[in-house]
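A.B. asks: Okay, so here is final.cif, and as you'll see once you scroll down, it has mmCIF, C-alpha atoms.
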data_my_file
loop_
_atom_site.group_PDB
_atom_site.id
_atom_site.type_symbol
_atom_site.label_atom_id
_atom_site.label_comp_id
_atom_site.auth_asym_id
_atom_site.auth_seq_id
_atom_site.Cartn_x
_atom_site.Cartn_y
_atom_site.Cartn_z
ATOM 1 C CA MET A 27 145.758 146.984 25.013
ATOM 2 C CA LYS A 28 142.679 147.345 22.864
ATOM 3 C CA PHE A 29 139.578 145.233 22.365
ATOM 4 C CA ASN A 30 136.520 145.622 20.236
ATOM 5 C CA ALA A 31 133.284 144.618 21.893
ATOM 6 C CA GLU A 32 130.238 143.739 19.865
ATOM 7 C CA ALA A 33 126.677 142.813 20.767
ATOM 8 C CA GLY A 34 124.141 142.209 18.024
ATOM 9 C CA GLY A 35 125.913 144.476 15.574
ATOM 10 C CA ARG A 36 126.462 147.315 18.037
ATOM 11 C CA LYS A 37 130.094 148.048 18.745
ATOM 12 C CA ILE A 38 132.239 149.639 21.369
ATOM 13 C CA GLU A 39 135.996 149.912 21.633
ATOM 14 C CA LEU A 40 137.716 149.187 24.935
ATOM 15 C CA ASN A 41 141.147 150.285 26.049
ATOM 16 C CA SER A 42 143.301 149.378 28.976
ATOM 17 C CA ALA A 43 144.120 152.125 31.456
ATOM 18 C CA ASP A 44 147.424 152.915 29.689
ATOM 19 C CA ASP A 45 145.489 154.147 26.674
ATOM 20 C CA MET A 46 142.916 155.891 28.776
ATOM 21 C CA GLY A 47 141.432 159.054 27.409
ATOM 22 C CA ARG A 48 140.394 157.820 23.992
ATOM 23 C CA THR A 49 137.777 155.223 24.805
ATOM 24 C CA PHE A 50 136.491 153.579 27.968
ATOM 25 C CA THR A 51 138.320 151.102 30.145
ATOM 26 C CA PRO A 52 136.352 148.090 31.430
ATOM 27 C CA MET A 53 136.262 149.578 34.935
ATOM 28 C CA GLU A 54 134.926 152.878 33.609
ATOM 29 C CA LEU A 55 132.289 150.983 31.658
ATOM 30 C CA PHE A 56 131.293 149.202 34.821
ATOM 31 C CA LEU A 57 130.559 152.588 36.435
ATOM 32 C CA VAL A 58 128.599 153.622 33.356
ATOM 33 C CA ALA A 59 126.586 150.394 33.627
ATOM 34 C CA LEU A 60 125.876 150.994 37.314
ATOM 35 C CA GLY A 61 124.971 154.658 36.816
ATOM 36 C CA GLY A 62 122.840 153.924 33.762
ATOM 37 C CA CYS A 63 121.014 151.102 35.491
ATOM 38 C CA THR A 64 120.039 153.113 38.538
ATOM 39 C CA ALA A 65 119.319 156.214 36.401
ATOM 40 C CA MET A 66 116.651 154.323 34.487
ATOM 41 C CA ASP A 67 114.932 152.931 37.594
ATOM 42 C CA PHE A 68 115.148 156.272 39.323
ATOM 43 C CA GLN A 69 113.627 158.181 36.426
ATOM 44 C CA TRP A 70 110.860 155.613 36.019
ATOM 45 C CA ILE A 71 109.962 155.613 39.729
ATOM 46 C CA LEU A 72 109.930 159.413 39.868
ATOM 47 C CA SER A 73 107.559 159.529 36.908
ATOM 48 C CA LYS A 74 105.273 156.983 38.613
ATOM 49 C CA GLN A 75 105.182 159.392 41.557
ATOM 50 C CA ARG A 76 104.166 162.182 39.143
ATOM 51 C CA GLN A 77 107.238 164.260 39.809
ATOM 52 C CA HIS A 78 108.035 166.841 37.179
ATOM 53 C CA VAL A 79 111.693 166.292 36.262
ATOM 54 C CA ASP A 80 113.311 168.540 33.658
ATOM 55 C CA ARG A 81 116.747 167.085 33.896
ATOM 56 C CA LEU A 82 118.465 164.203 35.641
ATOM 57 C CA GLU A 83 122.175 163.804 36.062
ATOM 58 C CA ILE A 84 123.804 160.893 37.835
ATOM 59 C CA SER A 85 127.451 161.094 38.721
ATOM 60 C CA VAL A 86 129.406 157.994 39.647
ATOM 61 C CA ARG A 87 132.905 157.968 40.999
ATOM 62 C CA GLY A 88 134.822 154.937 42.133
ATOM 63 C CA LYS A 89 137.872 154.602 44.357
ATOM 64 C CA ARG A 90 139.933 151.542 43.486
ATOM 65 C CA ARG A 91 141.966 149.481 45.902
ATOM 66 C CA ASP A 92 145.737 149.617 45.705
ATOM 67 C CA GLU A 93 146.142 145.826 45.696
ATOM 68 C CA ASP A 94 144.934 143.247 43.175
ATOM 69 C CA PRO A 95 142.152 142.767 42.387
ATOM 70 C CA ARG A 96 141.843 146.542 42.074
ATOM 71 C CA TYR A 97 138.077 146.718 42.384
ATOM 72 C CA TYR A 98 136.192 149.757 43.663
ATOM 73 C CA GLU A 99 136.227 149.681 47.417
ATOM 74 C CA ARG A 100 134.088 152.808 47.448
ATOM 75 C CA ILE A 101 131.606 154.201 44.955
ATOM 76 C CA ASP A 102 130.149 157.706 45.252
ATOM 77 C CA LEU A 103 126.812 158.112 43.552
ATOM 78 C CA ASN A 104 124.956 161.408 43.229
ATOM 79 C CA TYR A 105 121.490 161.857 41.763
ATOM 80 C CA ALA A 106 120.975 165.463 40.639
ATOM 81 C CA VAL A 107 117.388 166.324 39.805
ATOM 82 C CA VAL A 108 116.302 169.577 38.224
ATOM 83 C CA GLY A 109 112.550 169.994 38.179
ATOM 84 C CA GLN A 110 109.454 171.695 39.471
ATOM 85 C CA ASN A 111 108.175 171.007 42.952
ATOM 86 C CA VAL A 112 110.136 167.772 43.128
ATOM 87 C CA ARG A 113 109.645 166.406 46.627
ATOM 88 C CA LYS A 114 112.524 165.186 48.767
ATOM 89 C CA GLU A 115 110.532 162.148 49.900
ATOM 90 C CA ALA A 116 109.815 161.120 46.310
ATOM 91 C CA VAL A 117 113.511 161.309 45.459
ATOM 92 C CA GLU A 118 114.491 159.313 48.560
ATOM 93 C CA ARG A 119 111.928 156.686 47.679
ATOM 94 C CA ALA A 120 113.128 156.418 44.073
ATOM 95 C CA ILE A 121 116.714 155.963 45.245
ATOM 96 C CA ARG A 122 115.689 153.368 47.816
ATOM 97 C CA LEU A 123 113.606 151.323 45.386
ATOM 98 C CA SER A 124 116.336 151.386 42.770
ATOM 99 C CA GLN A 125 119.073 150.466 45.230
ATOM 100 C CA GLU A 126 117.143 147.755 46.991
ATOM 101 C CA LYS A 127 114.696 146.354 44.529
ATOM 102 C CA TYR A 128 115.280 147.153 40.885
ATOM 103 C CA CYS A 129 118.850 147.947 39.946
ATOM 104 C CA SER A 130 120.274 144.701 38.581
ATOM 105 C CA VAL A 131 123.862 145.902 38.407
ATOM 106 C CA ARG A 132 123.693 147.100 42.011
ATOM 107 C CA ALA A 133 122.242 143.781 43.148
ATOM 108 C CA MET A 134 125.298 141.898 41.889
ATOM 109 C CA LEU A 135 127.772 143.872 44.002
ATOM 110 C CA LYS A 136 129.388 142.381 47.057
ATOM 111 C CA ASP A 137 128.523 144.003 50.352
ATOM 112 C CA PHE A 138 132.078 145.070 51.126
ATOM 113 C CA ILE A 139 131.801 147.673 48.372
ATOM 114 C CA LYS A 140 130.766 150.815 50.130
ATOM 115 C CA LEU A 141 128.243 152.997 48.321
ATOM 116 C CA ASN A 142 128.043 156.631 49.378
ATOM 117 C CA ILE A 143 124.829 157.998 47.994
ATOM 118 C CA SER A 144 123.731 161.609 47.853
ATOM 119 C CA TYR A 145 121.163 163.607 45.914
ATOM 120 C CA THR A 146 120.664 167.146 44.824
ATOM 121 C CA ILE A 147 117.327 168.789 44.128
ATOM 122 C CA SER A 148 116.957 172.021 42.161
ATOM 123 C CA ASN A 149 113.424 173.357 42.027
ATOM 124 C CA GLY A 150 114.373 176.808 40.831
ATOM 125 C CA ASP A 151 113.626 178.214 44.293
ATOM 126 C CA GLY A 152 117.025 179.353 45.449
ATOM 127 C CA GLY A 153 119.744 177.034 44.231
ATOM 128 C CA PRO A 154 120.234 173.281 44.448
ATOM 129 C CA LYS A 155 119.947 171.563 47.825
ATOM 130 C CA LYS A 156 122.201 168.618 48.528
ATOM 131 C CA PHE A 157 121.253 165.705 50.795
ATOM 132 C CA ILE A 158 122.928 162.535 51.973
ATOM 133 C CA TYR A 159 120.970 159.350 51.381
ATOM 134 C CA GLU A 160 121.043 157.090 54.420
ATOM 135 C CA ALA A 161 120.769 153.468 53.393
ATOM 136 C CA PRO A 162 118.990 151.017 55.664
ATOM 137 C CA MET A 163 121.180 148.345 57.274
ATOM 138 C CA PRO A 164 122.777 145.991 54.697
ATOM 139 C CA ALA A 165 121.045 142.907 56.091
ATOM 140 C CA SER A 166 117.616 144.261 55.285
ATOM 141 C CA SER A 167 118.593 146.314 52.291
ATOM 142 C CA THR A 168 118.580 143.885 49.419
ATOM 143 C CA GLY A 169 116.501 141.041 50.754
ATOM 144 C CA LEU A 170 118.963 138.806 48.961
ATOM 145 C CA PRO A 171 121.232 136.175 50.414
ATOM 146 C CA ASP A 172 124.825 137.283 50.435
ATOM 147 C CA ARG A 173 126.157 134.278 48.568
ATOM 148 C CA MET B 11 114.533 155.691 27.947
ATOM 149 C CA LYS B 12 117.829 157.189 26.861
ATOM 150 C CA PHE B 13 120.842 158.509 28.718
ATOM 151 C CA ASN B 14 124.117 159.979 27.615
ATOM 152 C CA ALA B 15 127.114 158.883 29.626
ATOM 153 C CA GLU B 16 130.288 160.890 29.648
ATOM 154 C CA ALA B 17 133.692 160.398 31.236
ATOM 155 C CA GLY B 18 136.442 162.913 30.635
ATOM 156 C CA GLY B 19 135.029 163.958 27.277
ATOM 157 C CA ARG B 20 134.406 160.417 26.029
ATOM 158 C CA LYS B 21 130.767 159.657 25.414
ATOM 159 C CA ILE B 22 128.469 156.709 25.153
ATOM 160 C CA GLU B 23 124.719 156.562 24.692
ATOM 161 C CA LEU B 24 122.664 154.177 26.817
ATOM 162 C CA ASN B 25 119.207 152.868 26.097
ATOM 163 C CA SER B 26 116.721 150.930 28.138
ATOM 164 C CA ALA B 27 115.826 147.443 26.956
ATOM 165 C CA ASP B 28 112.753 148.759 25.063
ATOM 166 C CA ASP B 29 115.023 150.602 22.688
ATOM 167 C CA MET B 30 117.472 147.768 22.472
ATOM 168 C CA GLY B 31 119.250 147.254 19.206
ATOM 169 C CA ARG B 32 120.571 150.755 18.675
ATOM 170 C CA THR B 33 122.952 151.221 21.547
ATOM 171 C CA PHE B 34 123.829 149.285 24.684
ATOM 172 C CA THR B 35 121.661 148.778 27.739
ATOM 173 C CA PRO B 36 123.325 149.112 31.151
ATOM 174 C CA MET B 37 123.154 145.337 31.658
ATOM 175 C CA GLU B 38 124.801 144.701 28.291
ATOM 176 C CA LEU B 39 127.495 147.204 29.190
ATOM 177 C CA PHE B 40 128.084 145.346 32.411
ATOM 178 C CA LEU B 41 128.845 142.185 30.397
ATOM 179 C CA VAL B 42 131.160 144.199 28.151
ATOM 180 C CA ALA B 43 132.944 145.501 31.249
ATOM 181 C CA LEU B 44 133.322 141.985 32.666
ATOM 182 C CA GLY B 45 134.472 140.500 29.361
ATOM 183 C CA GLY B 46 136.846 143.376 28.665
ATOM 184 C CA CYS B 47 138.335 143.228 32.132
ATOM 185 C CA THR B 48 139.136 139.532 32.033
ATOM 186 C CA ALA B 49 140.226 139.746 28.367
ATOM 187 C CA MET B 50 142.949 142.207 29.286
ATOM 188 C CA ASP B 51 144.271 140.157 32.210
ATOM 189 C CA PHE B 52 144.085 136.968 30.204
ATOM 190 C CA GLN B 53 145.982 138.394 27.248
ATOM 191 C CA TRP B 54 148.621 139.898 29.510
ATOM 192 C CA ILE B 55 149.159 136.675 31.479
ATOM 193 C CA LEU B 56 149.390 134.605 28.292
ATOM 194 C CA SER B 57 152.024 136.959 26.922
ATOM 195 C CA LYS B 58 154.008 136.662 30.175
ATOM 196 C CA GLN B 59 153.933 132.911 29.612
ATOM 197 C CA ARG B 60 155.324 133.501 26.110
ATOM 198 C CA GLN B 61 152.319 132.035 24.357
ATOM 199 C CA HIS B 62 151.930 133.034 20.730
ATOM 200 C CA VAL B 63 148.360 134.300 20.394
ATOM 201 C CA ASP B 64 147.133 135.473 16.982
ATOM 202 C CA ARG B 65 143.605 136.205 18.029
ATOM 203 C CA LEU B 66 141.576 136.264 21.207
ATOM 204 C CA GLU B 67 137.821 136.307 21.404
ATOM 205 C CA ILE B 68 135.885 136.367 24.627
ATOM 206 C CA SER B 69 132.179 135.710 24.547
ATOM 207 C CA VAL B 70 129.987 136.604 27.497
ATOM 208 C CA ARG B 71 126.361 135.659 27.866
ATOM 209 C CA GLY B 72 124.177 136.336 30.846
ATOM 210 C CA LYS B 73 120.926 134.781 31.936
ATOM 211 C CA ARG B 74 118.789 137.194 33.948
ATOM 212 C CA ARG B 75 116.417 136.283 36.720
ATOM 213 C CA ASP B 76 112.690 136.586 36.138
ATOM 214 C CA GLU B 77 112.085 138.551 39.353
ATOM 215 C CA ASP B 78 113.378 141.981 40.395
ATOM 216 C CA PRO B 79 116.198 142.748 40.678
ATOM 217 C CA ARG B 80 116.746 141.070 37.330
ATOM 218 C CA TYR B 81 120.477 140.504 37.703
ATOM 219 C CA TYR B 82 122.392 137.745 35.918
ATOM 220 C CA GLU B 83 121.984 134.563 37.876
ATOM 221 C CA ARG B 84 124.270 132.828 35.415
ATOM 222 C CA ILE B 85 127.055 134.116 33.207
ATOM 223 C CA ASP B 86 128.675 131.996 30.497
ATOM 224 C CA LEU B 87 132.179 133.050 29.618
ATOM 225 C CA ASN B 88 134.231 131.540 26.815
ATOM 226 C CA TYR B 89 137.847 132.385 26.008
ATOM 227 C CA ALA B 90 138.662 131.474 22.407
ATOM 228 C CA VAL B 91 142.353 131.550 21.605
ATOM 229 C CA VAL B 92 143.767 131.177 18.123
ATOM 230 C CA GLY B 93 147.521 130.817 18.106
ATOM 231 C CA GLN B 94 150.565 128.670 17.584
ATOM 232 C CA ASN B 95 151.460 125.943 20.053
ATOM 233 C CA VAL B 96 149.336 127.564 22.739
ATOM 234 C CA ARG B 97 149.405 125.221 25.728
ATOM 235 C CA LYS B 98 146.243 124.185 27.558
ATOM 236 C CA GLU B 99 147.960 124.642 30.936
ATOM 237 C CA ALA B 100 148.963 128.213 30.085
ATOM 238 C CA VAL B 101 145.380 129.050 29.136
ATOM 239 C CA GLU B 102 143.998 127.460 32.314
ATOM 240 C CA ARG B 103 146.481 129.423 34.373
ATOM 241 C CA ALA B 104 145.620 132.717 32.679
ATOM 242 C CA ILE B 105 141.928 132.136 33.306
ATOM 243 C CA ARG B 106 142.554 131.197 36.928
ATOM 244 C CA LEU B 107 144.739 134.215 37.659
ATOM 245 C CA SER B 108 142.281 136.579 36.026
ATOM 246 C CA GLN B 109 139.279 135.085 37.786
ATOM 247 C CA GLU B 110 140.878 134.843 41.202
ATOM 248 C CA LYS B 111 143.472 137.551 41.381
ATOM 249 C CA TYR B 112 143.291 140.303 38.792
ATOM 250 C CA CYS B 113 139.875 140.901 37.289
ATOM 251 C CA SER B 114 138.414 143.801 39.247
ATOM 252 C CA VAL B 115 134.934 143.537 37.772
ATOM 253 C CA ARG B 116 134.826 139.824 38.570
ATOM 254 C CA ALA B 117 135.964 140.468 42.147
ATOM 255 C CA MET B 118 132.955 142.674 42.837
ATOM 256 C CA LEU B 119 130.394 139.985 41.964
ATOM 257 C CA LYS B 120 128.414 138.215 44.623
ATOM 258 C CA ASP B 121 129.044 134.503 44.978
ATOM 259 C CA PHE B 122 125.498 133.506 44.100
ATOM 260 C CA ILE B 123 126.168 134.530 40.498
ATOM 261 C CA LYS B 124 127.198 131.333 38.798
ATOM 262 C CA LEU B 125 130.009 131.657 36.265
ATOM 263 C CA ASN B 126 130.300 128.871 33.697
ATOM 264 C CA ILE B 127 133.711 129.173 32.147
ATOM 265 C CA SER B 128 135.018 127.393 29.079
ATOM 266 C CA TYR B 129 137.858 127.904 26.647
ATOM 267 C CA THR B 130 138.668 126.994 23.090
ATOM 268 C CA ILE B 131 142.151 126.573 21.659
ATOM 269 C CA SER B 132 142.879 126.589 17.931
ATOM 270 C CA ASN B 133 146.487 125.857 17.077
ATOM 271 C CA GLY B 134 145.856 125.167 13.422
ATOM 272 C CA ASP B 135 146.345 121.438 14.013
ATOM 273 C CA GLY B 136 142.919 120.043 13.264
ATOM 274 C CA GLY B 137 140.191 122.430 14.405
ATOM 275 C CA PRO B 138 139.475 124.179 17.675
ATOM 276 C CA LYS B 139 139.336 122.128 20.881
ATOM 277 C CA LYS B 140 136.869 123.159 23.541
ATOM 278 C CA PHE B 141 137.425 122.647 27.282
ATOM 279 C CA ILE B 142 135.470 123.349 30.430
ATOM 280 C CA TYR B 143 137.295 125.381 33.065
ATOM 281 C CA GLU B 144 136.784 123.929 36.517
ATOM 282 C CA ALA B 145 136.949 126.648 39.130
ATOM 283 C CA PRO B 146 138.354 125.859 42.564
ATOM 284 C CA MET B 147 135.858 125.939 45.416
ATOM 285 C CA PRO B 148 134.373 129.431 45.989
ATOM 286 C CA ALA B 149 135.768 129.715 49.517
ATOM 287 C CA SER B 150 139.346 129.555 48.305
ATOM 288 C CA SER B 151 138.800 131.100 44.917
ATOM 289 C CA THR B 152 138.951 134.799 45.556
ATOM 290 C CA GLY B 153 140.737 135.026 48.836
ATOM 291 C CA LEU B 154 138.324 137.835 49.639
ATOM 292 C CA PRO B 155 135.823 138.036 52.432
ATOM 293 C CA ASP B 156 132.307 137.595 51.177
ATOM 294 C CA ARG B 157 130.930 140.786 52.675
#
Starting from the file, lay out its structure as structure tokens.
C.D. replies:
Amino acid sequence: MKFNAEAGGRKIELNSADDMGRTFTPMELFLVALGGCTAMDFQWILSKQRQHVDRLEISVRGKRRDEDPRYYERIDLNYAVVGQNVRKEAVERAIRLSQEKYCSVRAMLKDFIKLNISYTISNGDGGPKKFIYEAPMPASSTGLPDR
Amino acid sequence: MKFNAEAGGRKIELNSADDMGRTFTPMELFLVALGGCTAMDFQWILSKQRQHVDRLEISVRGKRRDEDPRYYERIDLNYAVVGQNVRKEAVERAIRLSQEKYCSVRAMLKDFIKLNISYTISNGDGGPKKFIYEAPMPASSTGLPDR
């Protein structure tokens, strides 16, 4: 199945999973939206903290349920930062602010969707270091009512 | 701000709202994902009901909050069907099944996001007719726990 999406003259073609490989499926686009949303906050917050970032790569991976509706029951998100003297605390803070305060796509997600968040920092001082981001408890995380 | 998204060799460019107009922003892509997801279910369910659809157009419009996170507090969704002898009941049923059972993007949305759903049927017998879709109560609508 194929659809053409258009917004103000800009176009994108969508395919169902059967035709996967040529364009994006709606569920893939959802991951792109989530990754893009948090990427922009993250980058902006890091720059406010005067961190020197040469390159930022966000990877997003979703695991769908087996039953309908086949939404992502788990989403793995990794923020990979390549820079100079980028501090771990600054990265943690940028992730936290994006996840809890700024990322609009994230804020719309139901709490039963588990987000596993990690980050990687490469400062050119002996290979990338990978860390697990520990989210605060859900109740205090978004500050938003659940329904 | 600009990001390049890639999935299995397929690419899409993302822009922040400041650069809007050239490509898609993450929040626009989210609406494309939602519209595309329900469009595919809807089309499939209508075909199972042997409805003759010549053209299907889904429009999605979101109203963002003023405060951070600036998620969509309201989403207007219209299903416009052009066909031959397309029955109102079949369209209602396709919307209901997509919204409650199949649409994976929809299923991930928190309940405080208000969806206003309408549909338009054009059977070539005197102009399109527009209807409001009345969703069942939220508690019974998704069959999913809220968190």
A.B. asks: List every residue of chain A that has an atom at most 6 Å from any atom of chain B, giving for each one its closest atom pair and the distance in Å to one decimal, counting all atoms listed in the file, sorted by chain and then by ascending residue number, as a Markdown table.
C.D. replies:
| residue | atom | partner | partner_atom | distance |
| --- | --- | --- | --- | --- |
| A:Pro52 | CA | B:Ala43 | CA | 4.3 |
| A:Leu55 | CA | B:Ala43 | CA | 5.5 |
| A:Phe56 | CA | B:Ala43 | CA | 5.4 |
| A:Ala59 | CA | B:Pro36 | CA | 4.3 |
| A:Gly62 | CA | B:Pro36 | CA | 5.5 |
| A:Cys63 | CA | B:Pro36 | CA | 5.3 |
| A:Asp94 | CA | B:Tyr112 | CA | 5.5 |
| A:Pro95 | CA | B:Tyr112 | CA | 4.5 |
| A:Arg96 | CA | B:Ser114 | CA | 5.2 |
| A:Tyr97 | CA | B:Ser114 | CA | 4.3 |
| A:Lys127 | CA | B:Pro79 | CA | 5.5 |
| A:Tyr128 | CA | B:Pro79 | CA | 4.5 |
| A:Cys129 | CA | B:Pro79 | CA | 5.9 |
| A:Ser130 | CA | B:Tyr81 | CA | 4.3 |
| A:Met134 | CA | B:Leu119 | CA | 5.4 |
| A:Leu135 | CA | B:Leu119 | CA | 5.1 |
| A:Lys136 | CA | B:Lys120 | CA | 4.9 |
| A:Asp137 | CA | B:Arg157 | CA | 4.6 |
| A:Phe138 | CA | B:Arg157 | CA | 4.7 |
| A:Arg173 | CA | B:Phe122 | CA | 4.6 |
A.B. asks: Give the answer as one residue: which of A:Asn104, A:Asn111, A:Asn149, A:Gln75 has the shortest atom-to-atom distance to Arg87 of chain A, using all atoms listed in the file?
C.D. replies: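 Selected residue with least distance to Arg87 of chain A: A:Asn104.
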A.B. asks: Which of these residues is nearest to Leu141 of chain A, using all atoms listed in the file: A:Ile101, A:Gly109, A:Ile71, A:Gly88?
C.D. replies: A:Ile101
A.B. asks: Would you pick out the contacts of Glu102 of chain B at 12 Å or less, using all atoms listed in the file, so that residues sharing its chain but fewer than 3 positions from it are not included, and give the list as a ChimeraX atom specification?
C.D. replies: /B:52,55-56,59,88-91,96-99,105-110,127-131,141-146
A.B. asks: Just give me the gap between atom CA of His62 of chain B and atom CA of Ala100 of chain B in Å, one decimal is fine.
C.D. replies: 10.9 Å
A.B. asks: Calculate how many Å separate atom CA of Arg119 of chain A from atom CA of Arg81 of chain A, rounding to one decimal.
C.D. replies: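 That distance, rounded to one decimal, is 17.9 Å.
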A.B. asks: What are the coordinates of chain B as a short mmCIF file (atom, residue, chain, number, x, y, z; two decimals) with C-alpha atoms, keeping the file's coordinate frame following a least-squares fit to chain A on all in-order C-alpha atoms?
C.D. replies:
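The result, written out as superposed_3.cif:
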data_model
loop_
_atom_site.label_atom_id
_atom_site.label_comp_id
_atom_site.auth_asym_id
_atom_site.auth_seq_id
_atom_site.Cartn_x
_atom_site.Cartn_y
_atom_site.Cartn_z
CA MET B 11 145.76 146.99 25.01
CA LYS B 12 142.68 147.35 22.86
CA PHE B 13 139.58 145.25 22.37
CA ASN B 14 136.51 145.63 20.23
CA ALA B 15 133.28 144.63 21.89
CA GLU B 16 130.23 143.76 19.87
CA ALA B 17 126.67 142.84 20.76
CA GLY B 18 124.13 142.23 18.03
CA GLY B 19 125.92 144.50 15.58
CA ARG B 20 126.47 147.34 18.05
CA LYS B 21 130.10 148.05 18.75
CA ILE B 22 132.25 149.65 21.37
CA GLU B 23 136.01 149.91 21.63
CA LEU B 24 137.71 149.19 24.95
CA ASN B 25 141.14 150.28 26.05
CA SER B 26 143.31 149.38 28.98
CA ALA B 27 144.12 152.13 31.47
CA ASP B 28 147.43 152.91 29.68
CA ASP B 29 145.51 154.13 26.68
CA MET B 30 142.94 155.90 28.77
CA GLY B 31 141.46 159.06 27.39
CA ARG B 32 140.40 157.81 23.99
CA THR B 33 137.78 155.24 24.80
CA PHE B 34 136.49 153.58 27.96
CA THR B 35 138.32 151.10 30.14
CA PRO B 36 136.35 148.09 31.41
CA MET B 37 136.26 149.58 34.93
CA GLU B 38 134.92 152.88 33.61
CA LEU B 39 132.29 150.98 31.66
CA PHE B 40 131.29 149.20 34.82
CA LEU B 41 130.55 152.59 36.44
CA VAL B 42 128.58 153.61 33.35
CA ALA B 43 126.58 150.39 33.62
CA LEU B 44 125.87 150.99 37.32
CA GLY B 45 124.97 154.65 36.81
CA GLY B 46 122.84 153.91 33.76
CA CYS B 47 121.01 151.10 35.49
CA THR B 48 120.02 153.11 38.53
CA ALA B 49 119.31 156.21 36.40
CA MET B 50 116.65 154.32 34.48
CA ASP B 51 114.93 152.93 37.58
CA PHE B 52 115.14 156.27 39.33
CA GLN B 53 113.62 158.18 36.43
CA TRP B 54 110.86 155.62 36.02
CA ILE B 55 109.95 155.61 39.73
CA LEU B 56 109.92 159.41 39.87
CA SER B 57 107.57 159.53 36.91
CA LYS B 58 105.26 157.00 38.61
CA GLN B 59 105.18 159.40 41.55
CA ARG B 60 104.18 162.18 39.14
CA GLN B 61 107.25 164.26 39.81
CA HIS B 62 108.05 166.84 37.16
CA VAL B 63 111.70 166.29 36.26
CA ASP B 64 113.32 168.55 33.65
CA ARG B 65 116.76 167.08 33.90
CA LEU B 66 118.47 164.21 35.64
CA GLU B 67 122.19 163.81 36.07
CA ILE B 68 123.80 160.90 37.84
CA SER B 69 127.45 161.10 38.72
CA VAL B 70 129.39 157.99 39.66
CA ARG B 71 132.90 157.95 41.01
CA GLY B 72 134.82 154.92 42.14
CA LYS B 73 137.86 154.60 44.34
CA ARG B 74 139.92 151.52 43.49
CA ARG B 75 141.95 149.47 45.91
CA ASP B 76 145.73 149.61 45.72
CA GLU B 77 146.13 145.81 45.71
CA ASP B 78 144.93 143.24 43.16
CA PRO B 79 142.14 142.77 42.37
CA ARG B 80 141.83 146.53 42.07
CA TYR B 81 138.06 146.70 42.38
CA TYR B 82 136.18 149.75 43.66
CA GLU B 83 136.21 149.67 47.42
CA ARG B 84 134.08 152.80 47.44
CA ILE B 85 131.61 154.19 44.95
CA ASP B 86 130.14 157.69 45.25
CA LEU B 87 126.81 158.10 43.56
CA ASN B 88 124.96 161.39 43.24
CA TYR B 89 121.49 161.86 41.76
CA ALA B 90 120.98 165.46 40.64
CA VAL B 91 117.40 166.31 39.81
CA VAL B 92 116.31 169.57 38.24
CA GLY B 93 112.57 169.98 38.18
CA GLN B 94 109.47 171.69 39.46
CA ASN B 95 108.19 171.02 42.95
CA VAL B 96 110.13 167.77 43.12
CA ARG B 97 109.64 166.40 46.63
CA LYS B 98 112.54 165.18 48.76
CA GLU B 99 110.53 162.15 49.90
CA ALA B 100 109.81 161.11 46.31
CA VAL B 101 113.51 161.30 45.46
CA GLU B 102 114.49 159.30 48.56
CA ARG B 103 111.93 156.67 47.67
CA ALA B 104 113.13 156.40 44.07
CA ILE B 105 116.71 155.95 45.25
CA ARG B 106 115.68 153.36 47.82
CA LEU B 107 113.60 151.31 45.38
CA SER B 108 116.34 151.37 42.77
CA GLN B 109 119.06 150.45 45.24
CA GLU B 110 117.13 147.73 47.01
CA LYS B 111 114.68 146.34 44.52
CA TYR B 112 115.27 147.15 40.87
CA CYS B 113 118.85 147.94 39.94
CA SER B 114 120.27 144.70 38.58
CA VAL B 115 123.85 145.91 38.40
CA ARG B 116 123.68 147.11 42.00
CA ALA B 117 122.23 143.78 43.14
CA MET B 118 125.28 141.89 41.89
CA LEU B 119 127.76 143.87 44.00
CA LYS B 120 129.37 142.38 47.06
CA ASP B 121 128.50 144.00 50.36
CA PHE B 122 132.05 145.07 51.12
CA ILE B 123 131.80 147.67 48.36
CA LYS B 124 130.76 150.82 50.15
CA LEU B 125 128.23 152.99 48.32
CA ASN B 126 128.04 156.63 49.39
CA ILE B 127 124.82 158.00 48.01
CA SER B 128 123.72 161.61 47.87
CA TYR B 129 121.17 163.60 45.92
CA THR B 130 120.66 167.16 44.83
CA ILE B 131 117.32 168.80 44.13
CA SER B 132 116.96 172.03 42.17
CA ASN B 133 113.42 173.34 42.01
CA GLY B 134 114.36 176.79 40.83
CA ASP B 135 113.61 178.21 44.28
CA GLY B 136 117.01 179.38 45.43
CA GLY B 137 119.75 177.03 44.22
CA PRO B 138 120.23 173.29 44.44
CA LYS B 139 119.94 171.57 47.83
CA LYS B 140 122.19 168.63 48.53
CA PHE B 141 121.24 165.71 50.80
CA ILE B 142 122.92 162.54 51.97
CA TYR B 143 120.96 159.34 51.38
CA GLU B 144 121.05 157.09 54.41
CA ALA B 145 120.78 153.47 53.38
CA PRO B 146 119.00 151.01 55.65
CA MET B 147 121.21 148.38 57.26
CA PRO B 148 122.82 146.02 54.70
CA ALA B 149 121.11 142.93 56.10
CA SER B 150 117.66 144.25 55.28
CA SER B 151 118.62 146.34 52.30
CA THR B 152 118.61 143.91 49.43
CA GLY B 153 116.53 141.08 50.71
CA LEU B 154 119.01 138.82 48.94
CA PRO B 155 121.23 136.18 50.42
CA ASP B 156 124.82 137.29 50.51
CA ARG B 157 126.22 134.30 48.66
#
A.B. asks: Might you pull out every residue within 9 Å of Gln110 of chain A, with all atoms listed in the file counted and same-chain residues fewer than 5 positions away left off, and present them as a PyMOL selection string?
C.D. replies: chain A and resi 77-80+148-150
A.B. asks: Tell me, in Å to one decimal, how far atom CA of Ser57 of chain B is from atom CA of Gly137 of chain B.
C.D. replies: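 A separation of 22.5 Å between them.
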